[in-house]
>>> print(open('coords.txt').read())   # compact mmCIF, C-alpha atoms
# COMPACT_ATOMS: atom_id res chain seq x y z
CA MET M 392 -5.39 -78.81 -8.26
CA ASN M 393 -4.01 -77.08 -5.17
CA THR M 394 -0.49 -77.53 -6.52
CA VAL M 395 -1.43 -75.75 -9.80
CA ARG M 396 -3.03 -72.85 -7.95
CA TYR M 397 -0.03 -72.61 -5.68
CA SER M 398 2.34 -72.51 -8.67
CA GLN M 399 0.24 -69.79 -10.33
CA ALA M 400 0.32 -67.76 -7.13
CA VAL M 401 4.10 -68.05 -6.93
CA VAL M 402 4.49 -66.89 -10.55
CA LEU M 403 2.16 -63.93 -9.90
CA VAL M 404 4.15 -62.88 -6.82
CA LEU M 405 7.44 -63.12 -8.70
CA CYS M 406 6.12 -61.10 -11.65
CA THR M 407 4.76 -58.44 -9.31
CA ALA M 408 8.07 -58.19 -7.51
CA LEU M 409 10.01 -57.88 -10.77
CA ILE M 410 7.84 -55.51 -12.80
CA GLY M 411 5.36 -54.13 -10.26
CA PRO M 412 1.58 -54.30 -10.36
CA VAL M 413 0.37 -54.10 -13.96
CA ALA M 414 -2.67 -52.04 -13.06
CA ALA M 415 -0.83 -49.60 -10.77
CA LYS M 416 -1.00 -45.95 -11.84
CA PRO M 417 1.23 -43.10 -10.67
CA ARG M 418 -0.34 -40.88 -8.07
CA GLN M 419 -1.31 -37.45 -9.27
CA ALA M 420 -1.67 -34.41 -7.08
CA HIS M 421 -5.21 -33.17 -6.93
CA PRO M 422 -5.46 -29.58 -8.17
CA VAL M 423 -6.26 -27.04 -5.50
CA ASP M 424 -9.68 -25.39 -5.53
CA LEU M 425 -9.64 -21.61 -5.61
CA ASP M 426 -11.11 -20.13 -2.45
CA THR M 427 -12.24 -16.92 -4.14
CA ALA M 428 -13.70 -15.43 -0.96
CA LYS M 429 -10.37 -15.94 0.85
CA ILE M 430 -8.43 -14.44 -2.08
CA GLU M 431 -10.67 -11.37 -1.97
CA GLN M 432 -10.19 -11.10 1.78
CA LEU M 433 -6.39 -11.39 1.64
CA THR M 434 -5.89 -9.15 -1.40
CA GLY M 435 -8.45 -6.59 -0.25
CA MET M 436 -10.03 -6.51 -3.70
CA LYS M 437 -13.09 -7.90 -5.41
CA GLY M 438 -12.59 -10.30 -8.27
CA THR M 439 -14.29 -12.27 -11.01
CA LEU M 440 -14.02 -15.98 -11.83
CA ASP M 441 -13.56 -17.10 -15.41
CA LYS M 442 -15.09 -20.60 -15.33
CA ALA M 443 -13.78 -21.57 -18.76
CA GLU M 444 -10.12 -21.08 -17.77
CA HIS M 445 -10.67 -21.52 -14.02
CA VAL M 446 -8.90 -18.21 -13.30
CA PHE M 447 -9.87 -15.75 -10.57
CA LYS M 448 -8.85 -12.16 -11.34
CA VAL M 449 -8.79 -9.22 -8.92
CA SER M 450 -8.46 -5.68 -10.27
CA GLN M 451 -7.77 -2.17 -9.06
CA PRO M 452 -8.57 0.61 -11.59
CA ARG M 453 -6.19 3.57 -11.24
CA SER M 454 -9.07 6.04 -11.16
CA ASP M 455 -6.90 8.23 -8.90
CA LEU M 456 -4.71 9.09 -11.90
CA SER M 457 -5.50 11.84 -14.38
CA VAL M 458 -3.52 10.76 -17.44
CA THR M 459 -3.50 12.23 -20.92
CA VAL M 460 -1.80 10.73 -23.97
CA ALA M 461 -0.95 13.31 -26.61
CA GLY M 462 -3.60 15.48 -24.99
CA ALA M 463 -6.33 12.82 -24.99
CA LYS M 464 -7.83 11.80 -21.63
CA ILE M 465 -7.20 8.14 -20.71
CA ILE M 466 -9.56 6.29 -18.36
CA PRO M 467 -8.92 3.00 -16.46
CA ALA M 468 -10.80 0.91 -19.04
CA MET M 469 -8.25 2.00 -21.65
CA GLY M 470 -5.40 0.17 -19.92
CA LEU M 471 -4.96 1.93 -16.57
CA THR M 472 -6.09 -0.95 -14.35
CA SER M 473 -3.77 -2.97 -12.11
CA TRP M 474 -4.69 -6.65 -11.83
CA ALA M 475 -3.57 -10.06 -10.57
CA ALA M 476 -4.93 -13.42 -11.75
CA PHE M 477 -4.89 -16.70 -9.77
CA LYS M 478 -4.94 -20.13 -11.41
CA PRO M 479 -4.59 -23.61 -9.86
CA ALA M 480 -1.18 -25.22 -10.47
CA GLY M 481 -1.31 -28.69 -8.91
CA ARG M 482 -1.56 -28.22 -5.15
CA GLN M 483 -0.43 -24.60 -5.50
CA VAL M 484 -1.62 -21.53 -7.38
CA MET M 485 0.06 -19.58 -10.15
CA VAL M 486 -0.22 -15.78 -10.11
CA MET M 487 0.31 -13.35 -12.94
CA GLY M 488 -0.41 -9.64 -13.02
CA ASP M 489 0.27 -6.15 -14.33
CA LEU M 490 0.63 -3.07 -12.13
CA VAL M 491 -0.03 0.50 -13.26
CA LEU M 492 2.45 2.78 -11.49
CA GLN M 493 3.58 6.37 -11.40
CA GLU M 494 7.33 6.75 -11.83
CA ASP M 495 7.90 7.50 -8.15
CA GLN M 496 5.99 4.36 -7.13
CA VAL M 497 7.97 1.85 -9.21
CA ASN M 498 10.88 0.99 -6.95
CA SER M 499 9.06 1.01 -3.61
CA VAL M 500 6.32 -1.25 -5.02
CA MET M 501 8.96 -3.47 -6.65
CA SER M 502 10.75 -3.90 -3.33
CA THR M 503 7.47 -4.85 -1.65
CA ALA M 504 6.84 -7.49 -4.33
CA LEU M 505 10.36 -8.95 -4.08
CA ASP M 506 10.30 -8.95 -0.26
CA ASN M 507 7.05 -10.96 -0.29
CA GLY M 508 8.06 -13.68 -2.75
CA ILE M 509 6.52 -12.15 -5.87
CA GLU M 510 8.69 -12.13 -8.99
CA VAL M 511 9.03 -9.03 -11.15
CA THR M 512 9.17 -10.09 -14.80
CA ALA M 513 9.01 -6.85 -16.81
CA LEU M 514 9.00 -3.07 -16.39
CA HIS M 515 8.25 -0.76 -19.28
CA ASN M 516 5.91 1.84 -20.72
CA HIS M 517 2.68 1.13 -22.60
CA PHE M 518 2.23 4.67 -23.93
CA LEU M 519 4.14 7.52 -25.51
CA TRP M 520 3.45 11.20 -24.76
CA ASP M 521 1.65 10.33 -21.52
CA THR M 522 1.34 12.96 -18.78
CA PRO M 523 2.07 12.15 -16.02
CA LYS M 524 4.46 9.36 -16.98
CA VAL M 525 2.99 5.91 -16.27
CA MET M 526 5.00 2.69 -16.02
CA PHE M 527 3.77 -0.91 -16.09
CA MET M 528 5.29 -3.63 -13.93
CA HIS M 529 4.49 -7.26 -14.71
CA ILE M 530 4.61 -9.77 -11.87
CA GLY M 531 4.29 -13.51 -11.28
CA GLY M 532 4.71 -16.26 -8.75
CA THR M 533 3.74 -19.78 -7.69
CA GLY M 534 3.01 -21.01 -4.19
CA ASP M 535 0.45 -21.67 -1.49
CA SER M 536 -2.81 -19.87 -2.27
CA ASP M 537 -2.98 -17.93 1.00
CA THR M 538 0.69 -16.96 0.79
CA MET M 539 0.34 -15.69 -2.76
CA ALA M 540 -2.88 -13.80 -2.02
CA THR M 541 -1.34 -12.20 1.07
CA ALA M 542 1.69 -11.12 -0.95
CA ILE M 543 -0.46 -9.64 -3.71
CA GLY M 544 -2.50 -7.82 -1.05
CA ARG M 545 0.67 -6.21 0.30
CA VAL M 546 1.74 -5.18 -3.19
CA PHE M 547 -1.61 -3.49 -3.84
CA GLN M 548 -1.46 -1.85 -0.42
CA ALA M 549 1.94 -0.43 -1.38
CA ILE M 550 0.38 1.03 -4.54
CA GLN M 551 -2.38 2.67 -2.54
CA SER M 552 -0.08 4.01 0.18
CA THR M 553 2.28 5.63 -2.33
CA ALA M 554 -0.35 6.95 -4.75
CA GLY M 555 -0.18 10.69 -5.20
CA SER M 556 2.78 11.00 -2.86
CA LYS M 557 4.77 12.97 -5.43
CA SER M 558 7.99 12.08 -3.67
CA ALA M 559 11.00 13.99 -4.87
CA ALA M 560 12.91 12.33 -7.70
CA PRO M 561 16.45 11.21 -6.82
CA SER M 562 18.90 13.95 -7.68
CA ALA M 563 22.65 14.32 -7.94
CA SER M 564 23.95 17.83 -8.35
CA MET M 565 27.16 17.36 -10.31
CA ASP M 566 28.98 18.49 -13.42
CA VAL M 567 29.67 15.44 -15.57
CA THR M 568 32.56 17.22 -17.27
CA LYS M 569 34.29 17.51 -13.88
CA THR M 570 34.20 13.85 -12.86
CA SER M 571 36.92 13.23 -10.28
CA LEU M 572 36.12 9.84 -8.75
CA ASP M 573 38.74 7.16 -8.08
CA SER M 574 38.28 4.70 -10.93
CA LYS M 575 40.83 2.29 -9.45
CA ALA M 576 38.72 1.83 -6.33
CA ILE M 577 35.71 0.96 -8.51
CA GLU M 578 37.85 -1.47 -10.50
CA VAL M 579 38.95 -3.26 -7.31
CA ILE M 580 35.38 -3.52 -5.98
CA ILE M 581 33.76 -4.73 -9.20
CA GLU M 582 36.78 -6.84 -10.22
CA ALA M 583 36.54 -5.72 -13.83
CA PRO M 584 38.47 -3.15 -15.93
CA VAL M 585 37.27 0.46 -15.77
CA GLU M 586 37.82 2.53 -18.91
CA LYS M 587 37.74 6.31 -19.33
CA ALA M 588 35.14 7.06 -22.01
CA GLY M 589 35.09 10.81 -22.60
CA ASP M 590 34.03 12.42 -19.32
CA VAL M 591 32.85 9.19 -17.67
CA TYR M 592 34.22 5.90 -16.35
CA LYS M 593 32.69 2.74 -17.79
CA VAL M 594 32.73 -0.97 -16.92
CA THR M 595 31.62 -3.44 -19.62
CA ILE M 596 31.23 -7.19 -19.04
CA GLY M 597 30.36 -9.33 -22.05
CA ARG M 598 27.86 -12.20 -22.29
CA THR M 599 27.23 -14.54 -25.23
CA THR M 600 24.20 -15.99 -26.96
CA LYS M 601 23.29 -17.15 -30.45
CA MET M 602 21.07 -15.53 -33.04
CA ALA M 603 20.01 -17.75 -35.94
CA GLY M 604 22.85 -20.10 -34.97
CA HIS M 605 25.49 -17.36 -34.98
CA LYS M 606 27.35 -16.19 -31.88
CA ALA M 607 26.53 -12.71 -30.57
CA GLY M 608 28.58 -11.22 -27.76
CA LYS M 609 29.91 -8.12 -26.05
CA VAL M 610 30.38 -5.85 -29.06
CA MET M 611 27.00 -6.84 -30.51
CA GLY M 612 25.32 -5.47 -27.38
CA VAL M 613 25.10 -8.62 -25.27
CA ASN M 614 26.75 -7.10 -22.23
CA THR M 615 26.38 -5.71 -18.74
CA TRP M 616 27.67 -2.16 -18.38
CA ALA M 617 27.89 0.59 -15.77
CA VAL M 618 28.84 4.26 -16.23
CA PHE M 619 30.07 6.26 -13.22
CA VAL M 620 30.28 10.05 -13.02
CA GLY M 621 30.82 12.59 -10.24
CA SER M 622 33.12 12.38 -7.24
CA ASN M 623 33.97 9.75 -4.64
CA GLU M 624 31.50 11.36 -2.22
CA GLN M 625 28.67 12.08 -4.65
CA ALA M 626 28.39 10.00 -7.81
CA SER M 627 25.76 8.57 -10.08
CA VAL M 628 25.70 5.29 -11.96
CA ASP M 629 23.51 4.09 -14.78
CA GLY M 630 23.67 1.02 -16.92
CA ASP M 631 22.25 -2.23 -18.15
CA PHE M 632 22.43 -5.82 -16.88
CA ALA M 633 22.37 -8.69 -19.40
CA MET M 634 20.98 -11.80 -17.70
CA GLN M 635 19.62 -15.23 -18.39
CA GLU M 636 16.09 -15.63 -17.06
CA PRO M 637 16.99 -17.50 -13.82
CA GLU M 638 19.33 -14.62 -12.87
CA LEU M 639 16.76 -11.81 -13.02
CA GLN M 640 15.24 -11.99 -9.52
CA GLY M 641 18.62 -12.18 -7.78
CA VAL M 642 19.94 -9.16 -9.67
CA LEU M 643 16.78 -7.18 -8.90
CA LYS M 644 16.98 -7.93 -5.19
CA ALA M 645 20.68 -7.07 -4.98
CA LEU M 646 20.29 -3.75 -6.77
CA ARG M 647 17.25 -2.71 -4.74
CA THR M 648 19.00 -3.69 -1.50
CA GLY M 649 21.88 -1.47 -2.58
CA GLY M 650 19.55 1.48 -3.19
CA ILE M 651 19.75 1.31 -6.99
CA ASN M 652 16.60 2.26 -8.89
CA ILE M 653 15.33 -0.09 -11.61
CA THR M 654 14.12 1.79 -14.68
CA ALA M 655 13.27 -0.94 -17.20
CA ILE M 656 13.19 -4.74 -17.62
CA HIS M 657 12.70 -6.14 -21.11
CA ASN M 658 14.26 -8.04 -24.02
CA HIS M 659 16.53 -6.59 -26.71
CA MET M 660 16.36 -9.57 -29.08
CA VAL M 661 14.00 -12.29 -30.25
CA GLU M 662 14.64 -15.99 -30.80
CA GLU M 663 18.11 -15.86 -29.24
CA SER M 664 19.45 -18.92 -27.43
CA PRO M 665 19.95 -18.81 -24.51
CA ARG M 666 17.37 -16.10 -23.91
CA ILE M 667 18.83 -12.87 -22.53
CA MET M 668 16.88 -10.37 -20.43
CA PHE M 669 18.01 -6.76 -19.98
CA LEU M 670 17.58 -4.59 -16.91
CA HIS M 671 18.28 -0.84 -16.89
CA TYR M 672 19.08 1.02 -13.68
CA TRP M 673 20.15 4.34 -12.17
CA GLY M 674 21.39 5.34 -8.75
CA THR M 675 23.19 8.04 -6.78
CA GLY M 676 25.42 8.06 -3.72
CA PRO M 677 29.07 7.54 -2.74
CA ALA M 678 30.93 5.95 -5.66
CA ASN M 679 32.17 2.97 -3.67
CA ASP M 680 28.67 2.19 -2.34
CA LEU M 681 27.30 2.20 -5.89
CA ALA M 682 30.12 -0.07 -7.06
CA LYS M 683 29.42 -2.50 -4.18
CA ALA M 684 25.75 -2.69 -5.18
CA ILE M 685 26.73 -3.49 -8.77
CA LYS M 686 29.21 -6.15 -7.58
CA SER M 687 26.57 -7.71 -5.32
CA ALA M 688 24.25 -8.06 -8.31
CA LEU M 689 27.03 -9.56 -10.43
CA ASP M 690 27.69 -12.12 -7.69
CA THR M 691 24.07 -13.29 -7.75
CA GLN M 692 24.50 -14.15 -11.43
CA LYS M 693 27.40 -16.43 -10.58
CA THR M 694 25.31 -18.12 -7.90
CA ALA M 695 22.43 -18.65 -10.36
CA LYS M 696 24.81 -20.22 -12.87
CA LEU M 697 26.19 -22.65 -10.28
CA LYS M 698 22.66 -23.71 -9.30
CA ALA M 699 21.78 -24.27 -12.97
CA ARG M 700 24.86 -26.46 -13.47
CA LYS M 701 24.02 -28.59 -10.43
CA LYS M 702 20.52 -29.23 -11.79
CA THR M 703 21.97 -30.50 -15.08
>>> encode(input="coords.txt", output="structure tokens")
Amino acid sequence: MNTVRYSQAVVLVLCTALIGPVAAKPRQAHPVDLDTAKIEQLTGMKGTLDKAEHVFKVSQPRSDLSVTVAGAKIIPAMGLTSWAAFKPAGRQVMVMGDLVLQEDQVNSVMSTALDNGIEVTALHNHFLWDTPKVMFMHIGGTGDSDTMATAIGRVFQAIQSTAGSKSAAPSASMDVTKTSLDSKAIEVIIEAPVEKAGDVYKVTIGRTTKMAGHKAGKVMGVNTWAVFVGSNEQASVDGDFAMQEPELQGVLKALRTGGINITAIHNHMVEESPRIMFLHYWGTGPANDLAKAIKSALDTQKTAKLKARKKT
């Protein structure tokens, strides 16, 4: 009898060693509980909890703005409220939000978001014929609850501190028809051909994607471009970056670090593969400094591609 039991025990040990415990289940991370009081404290805003979706949302109506659309008065309840929503994501929290900004607030608030680990995912208008002009910046992020709430608090503080500042718009007093900058220097910095296009100098770098299974590239509009005008000492640059999604944050940070203003972030196509995001920008300053900022942003795209390849 003891021999039989012993034999059964040996078989059980061997089976366990070979295939593992039959009843064992993989450990799952317990979802974090939202500390709504702490989120309110760190963001500096009151919020509401949606129990059905387990999302806590803080809001800041832009009641300081007096906006008209085609002459009609717009109030915060009609889409002029900045907000951020927090949702558990495993042991972390996911944040999404939408910020209502005056034009002269966009880039300073964007830099605050990027510097504090918040991603900027879109920048565009929601209205036409609005006075004053209002832009909307969509944000997101995932991380420790306190870290995310603190970051969102700093973003909303940046909105408040710059509200109504009416800072002077960037300006560049120049005659485009008298552009005299050194295009060769720009070409060396950016490491891409510079072409004379009428009165301006233009760099165009193609990307590729597929639409309905067909290749679309540089000439179809899937490209990064930069147009330079002015002189070596005082120039302006405007253009468009074509990026895959993982490249967006790096390009944003590089351009903002280089003093380039971001004017829009959006898509130009639907159902393309891979997905391509587009970022429009404008900046002024010495031509070589502007070219270096563009090159820095281009370099971040290469880094993002290398990281993506390593993951696969």
>>> closest_residue(input="coords.txt", among="M:Ala678, M:Met485, M:Met668, M:Ile596", to="Asp573 in chain M", atoms="only C-alpha atoms")
M:Ala678
>>> residues_around(input="coords.txt", residues="range 621-626 of chain M", least_positions_apart="3", cutoff="7 Å", atoms="all atoms listed in the file", output="JSON, numbers by chain")
{"M": [565, 566, 567, 570, 571, 572, 573, 675, 676, 677, 678]}
>>> atom_distance(input="coords.txt", atom1="CA of Val449 in chain M", atom2="CA of Asp495 in chain M")
23.6 Å
>>> atom_distance(input="coords.txt", atom1="CA of Asp590 in chain M", atom2="CA of Ala684 in chain M")
22.3 Å
>>> residues_around(input="coords.txt", residues="Ala588 in chain M", least_positions_apart="4", cutoff="12 Å", atoms="only C-alpha atoms", output="PDB file with C-alpha atoms, in the frame of the given file")
ATOM      1  CA  VAL M 567      29.670  15.440 -15.570  1.00  0.00           C
ATOM      2  CA  THR M 568      32.560  17.220 -17.270  1.00  0.00           C
ATOM      3  CA  THR M 570      34.200  13.850 -12.860  1.00  0.00           C
ATOM      4  CA  SER M 574      38.280   4.700 -10.930  1.00  0.00           C
ATOM      5  CA  TYR M 592      34.220   5.900 -16.350  1.00  0.00           C
ATOM      6  CA  LYS M 593      32.690   2.740 -17.790  1.00  0.00           C
ATOM      7  CA  VAL M 594      32.730  -0.970 -16.920  1.00  0.00           C
ATOM      8  CA  THR M 595      31.620  -3.440 -19.620  1.00  0.00           C
ATOM      9  CA  ALA M 617      27.890   0.590 -15.770  1.00  0.00           C
ATOM     10  CA  VAL M 618      28.840   4.260 -16.230  1.00  0.00           C
ATOM     11  CA  PHE M 619      30.070   6.260 -13.220  1.00  0.00           C
ATOM     12  CA  VAL M 620      30.280  10.050 -13.020  1.00  0.00           C
TER      13      VAL M 620
END
>>> residues_around(input="coords.txt", residues="range 633-635 of chain M", least_positions_apart="2", cutoff="12 Å", atoms="all atoms listed in the file", output="number ranges by chain")
M: 595-600, 608-609, 612-617, 630-631, 637-643, 656-660, 663-672, 688-689, 691-693, 695-696, 699
>>> write_last_selection(input="coords.txt", atoms="C-alpha atoms", output="mmCIF file, in the coordinates of the input")
data_model
loop_
_atom_site.group_PDB
_atom_site.id
_atom_site.type_symbol
_atom_site.label_atom_id
_atom_site.label_comp_id
_atom_site.auth_asym_id
_atom_site.auth_seq_id
_atom_site.Cartn_x
_atom_site.Cartn_y
_atom_site.Cartn_z
ATOM 1 C CA THR M 595 31.620 -3.440 -19.620
ATOM 2 C CA ILE M 596 31.230 -7.190 -19.040
ATOM 3 C CA GLY M 597 30.360 -9.330 -22.050
ATOM 4 C CA ARG M 598 27.860 -12.200 -22.290
ATOM 5 C CA THR M 599 27.230 -14.540 -25.230
ATOM 6 C CA THR M 600 24.200 -15.990 -26.960
ATOM 7 C CA GLY M 608 28.580 -11.220 -27.760
ATOM 8 C CA LYS M 609 29.910 -8.120 -26.050
ATOM 9 C CA GLY M 612 25.320 -5.470 -27.380
ATOM 10 C CA VAL M 613 25.100 -8.620 -25.270
ATOM 11 C CA ASN M 614 26.750 -7.100 -22.230
ATOM 12 C CA THR M 615 26.380 -5.710 -18.740
ATOM 13 C CA TRP M 616 27.670 -2.160 -18.380
ATOM 14 C CA ALA M 617 27.890 0.590 -15.770
ATOM 15 C CA GLY M 630 23.670 1.020 -16.920
ATOM 16 C CA ASP M 631 22.250 -2.230 -18.150
ATOM 17 C CA PRO M 637 16.990 -17.500 -13.820
ATOM 18 C CA GLU M 638 19.330 -14.620 -12.870
ATOM 19 C CA LEU M 639 16.760 -11.810 -13.020
ATOM 20 C CA GLN M 640 15.240 -11.990 -9.520
ATOM 21 C CA GLY M 641 18.620 -12.180 -7.780
ATOM 22 C CA VAL M 642 19.940 -9.160 -9.670
ATOM 23 C CA LEU M 643 16.780 -7.180 -8.900
ATOM 24 C CA ILE M 656 13.190 -4.740 -17.620
ATOM 25 C CA HIS M 657 12.700 -6.140 -21.110
ATOM 26 C CA ASN M 658 14.260 -8.040 -24.020
ATOM 27 C CA HIS M 659 16.530 -6.590 -26.710
ATOM 28 C CA MET M 660 16.360 -9.570 -29.080
ATOM 29 C CA GLU M 663 18.110 -15.860 -29.240
ATOM 30 C CA SER M 664 19.450 -18.920 -27.430
ATOM 31 C CA PRO M 665 19.950 -18.810 -24.510
ATOM 32 C CA ARG M 666 17.370 -16.100 -23.910
ATOM 33 C CA ILE M 667 18.830 -12.870 -22.530
ATOM 34 C CA MET M 668 16.880 -10.370 -20.430
ATOM 35 C CA PHE M 669 18.010 -6.760 -19.980
ATOM 36 C CA LEU M 670 17.580 -4.590 -16.910
ATOM 37 C CA HIS M 671 18.280 -0.840 -16.890
ATOM 38 C CA TYR M 672 19.080 1.020 -13.680
ATOM 39 C CA ALA M 688 24.250 -8.060 -8.310
ATOM 40 C CA LEU M 689 27.030 -9.560 -10.430
ATOM 41 C CA THR M 691 24.070 -13.290 -7.750
ATOM 42 C CA GLN M 692 24.500 -14.150 -11.430
ATOM 43 C CA LYS M 693 27.400 -16.430 -10.580
ATOM 44 C CA ALA M 695 22.430 -18.650 -10.360
ATOM 45 C CA LYS M 696 24.810 -20.220 -12.870
ATOM 46 C CA ALA M 699 21.780 -24.270 -12.970
#
>>> closest_residue(input="coords.txt", among="M:Thr434, M:Ser473, M:Asn507, M:Thr541", to="His529 in chain M", atoms="all atoms listed in the file")
M:Ser473
>>> residues_around(input="coords.txt", residues="His517 in chain M", least_positions_apart="6", cutoff="10 Å", atoms="only C-alpha atoms", output="PDB file with C-alpha atoms, in the coordinates of the input")
ATOM      1  CA  GLY M 470      -5.400   0.170 -19.920  1.00  0.00           C
ATOM      2  CA  LEU M 471      -4.960   1.930 -16.570  1.00  0.00           C
ATOM      3  CA  VAL M 491      -0.030   0.500 -13.260  1.00  0.00           C
ATOM      4  CA  VAL M 525       2.990   5.910 -16.270  1.00  0.00           C
ATOM      5  CA  MET M 526       5.000   2.690 -16.020  1.00  0.00           C
ATOM      6  CA  PHE M 527       3.770  -0.910 -16.090  1.00  0.00           C
TER       7      PHE M 527
END
>>> closest_residue(input="coords.txt", among="M:Gly589, M:Thr648, M:Thr533, M:Gln551", to="Gln483 in chain M", atoms="only C-alpha atoms")
M:Thr533
>>> atom_distance(input="coords.txt", atom1="CA of Val486 in chain M", atom2="CA of Leu514 in chain M")
16.9 Å
>>> residues_around(input="coords.txt", residues="range 534-540 of chain M", least_positions_apart="6", cutoff="9 Å", atoms="all atoms listed in the file", output="PyMOL selection string")
chain M and resi 423+425-426+429-434+477+479-480+482-486+507-509
>>> build_atoms(input="coords.txt", residues="range 634-640 of chain M", atoms="all heavy atoms", output="PDB file, in the coordinates of the input")
ATOM      1  N   MET M 634      21.174 -10.646 -18.591  1.00  0.00           N
ATOM      2  CA  MET M 634      20.980 -11.800 -17.700  1.00  0.00           C
ATOM      3  C   MET M 634      20.218 -12.907 -18.406  1.00  0.00           C
ATOM      4  O   MET M 634      19.350 -12.632 -19.226  1.00  0.00           O
ATOM      5  CB  MET M 634      20.143 -11.391 -16.474  1.00  0.00           C
ATOM      6  CG  MET M 634      20.597 -10.173 -15.746  1.00  0.00           C
ATOM      7  SD  MET M 634      19.180  -9.388 -14.922  1.00  0.00           S
ATOM      8  CE  MET M 634      18.240  -8.822 -16.341  1.00  0.00           C
ATOM      9  N   GLN M 635      20.514 -14.145 -18.041  1.00  0.00           N
ATOM     10  CA  GLN M 635      19.620 -15.230 -18.390  1.00  0.00           C
ATOM     11  C   GLN M 635      18.438 -15.180 -17.424  1.00  0.00           C
ATOM     12  O   GLN M 635      18.544 -14.644 -16.319  1.00  0.00           O
ATOM     13  CB  GLN M 635      20.339 -16.570 -18.330  1.00  0.00           C
ATOM     14  CG  GLN M 635      21.396 -16.723 -19.429  1.00  0.00           C
ATOM     15  CD  GLN M 635      21.995 -18.105 -19.475  1.00  0.00           C
ATOM     16  OE1 GLN M 635      21.367 -19.090 -19.087  1.00  0.00           O
ATOM     17  NE2 GLN M 635      23.223 -18.195 -19.946  1.00  0.00           N
ATOM     18  N   GLU M 636      17.319 -15.758 -17.832  1.00  0.00           N
ATOM     19  CA  GLU M 636      16.090 -15.630 -17.060  1.00  0.00           C
ATOM     20  C   GLU M 636      16.213 -16.024 -15.579  1.00  0.00           C
ATOM     21  O   GLU M 636      15.691 -15.314 -14.708  1.00  0.00           O
ATOM     22  CB  GLU M 636      14.968 -16.442 -17.731  1.00  0.00           C
ATOM     23  CG  GLU M 636      14.502 -15.834 -19.041  1.00  0.00           C
ATOM     24  CD  GLU M 636      13.480 -16.714 -19.744  1.00  0.00           C
ATOM     25  OE1 GLU M 636      13.890 -17.744 -20.318  1.00  0.00           O
ATOM     26  OE2 GLU M 636      12.300 -16.373 -19.706  1.00  0.00           O
ATOM     27  N   PRO M 637      16.901 -17.125 -15.246  1.00  0.00           N
ATOM     28  CA  PRO M 637      16.990 -17.500 -13.820  1.00  0.00           C
ATOM     29  C   PRO M 637      17.782 -16.504 -12.975  1.00  0.00           C
ATOM     30  O   PRO M 637      17.750 -16.583 -11.748  1.00  0.00           O
ATOM     31  CB  PRO M 637      17.696 -18.862 -13.861  1.00  0.00           C
ATOM     32  CG  PRO M 637      17.484 -19.378 -15.241  1.00  0.00           C
ATOM     33  CD  PRO M 637      17.492 -18.169 -16.113  1.00  0.00           C
ATOM     34  N   GLU M 638      18.497 -15.575 -13.614  1.00  0.00           N
ATOM     35  CA  GLU M 638      19.330 -14.620 -12.870  1.00  0.00           C
ATOM     36  C   GLU M 638      18.570 -13.351 -12.499  1.00  0.00           C
ATOM     37  O   GLU M 638      19.012 -12.589 -11.633  1.00  0.00           O
ATOM     38  CB  GLU M 638      20.550 -14.240 -13.721  1.00  0.00           C
ATOM     39  CG  GLU M 638      21.429 -15.409 -14.111  1.00  0.00           C
ATOM     40  CD  GLU M 638      22.459 -15.036 -15.183  1.00  0.00           C
ATOM     41  OE1 GLU M 638      22.759 -13.830 -15.329  1.00  0.00           O
ATOM     42  OE2 GLU M 638      22.949 -15.937 -15.877  1.00  0.00           O
ATOM     43  N   LEU M 639      17.442 -13.103 -13.140  1.00  0.00           N
ATOM     44  CA  LEU M 639      16.760 -11.810 -13.020  1.00  0.00           C
ATOM     45  C   LEU M 639      16.390 -11.441 -11.585  1.00  0.00           C
ATOM     46  O   LEU M 639      16.688 -10.334 -11.118  1.00  0.00           O
ATOM     47  CB  LEU M 639      15.506 -11.803 -13.900  1.00  0.00           C
ATOM     48  CG  LEU M 639      14.594 -10.581 -13.787  1.00  0.00           C
ATOM     49  CD1 LEU M 639      15.349  -9.300 -14.101  1.00  0.00           C
ATOM     50  CD2 LEU M 639      13.376 -10.733 -14.702  1.00  0.00           C
ATOM     51  N   GLN M 640      15.729 -12.340 -10.858  1.00  0.00           N
ATOM     52  CA  GLN M 640      15.240 -11.990  -9.520  1.00  0.00           C
ATOM     53  C   GLN M 640      16.377 -11.679  -8.556  1.00  0.00           C
ATOM     54  O   GLN M 640      16.280 -10.750  -7.740  1.00  0.00           O
ATOM     55  CB  GLN M 640      14.338 -13.102  -8.975  1.00  0.00           C
ATOM     56  CG  GLN M 640      13.163 -13.464  -9.875  1.00  0.00           C
ATOM     57  CD  GLN M 640      12.305 -12.266 -10.258  1.00  0.00           C
ATOM     58  OE1 GLN M 640      11.925 -11.466  -9.404  1.00  0.00           O
ATOM     59  NE2 GLN M 640      11.976 -12.154 -11.537  1.00  0.00           N
TER      60      GLN M 640
END
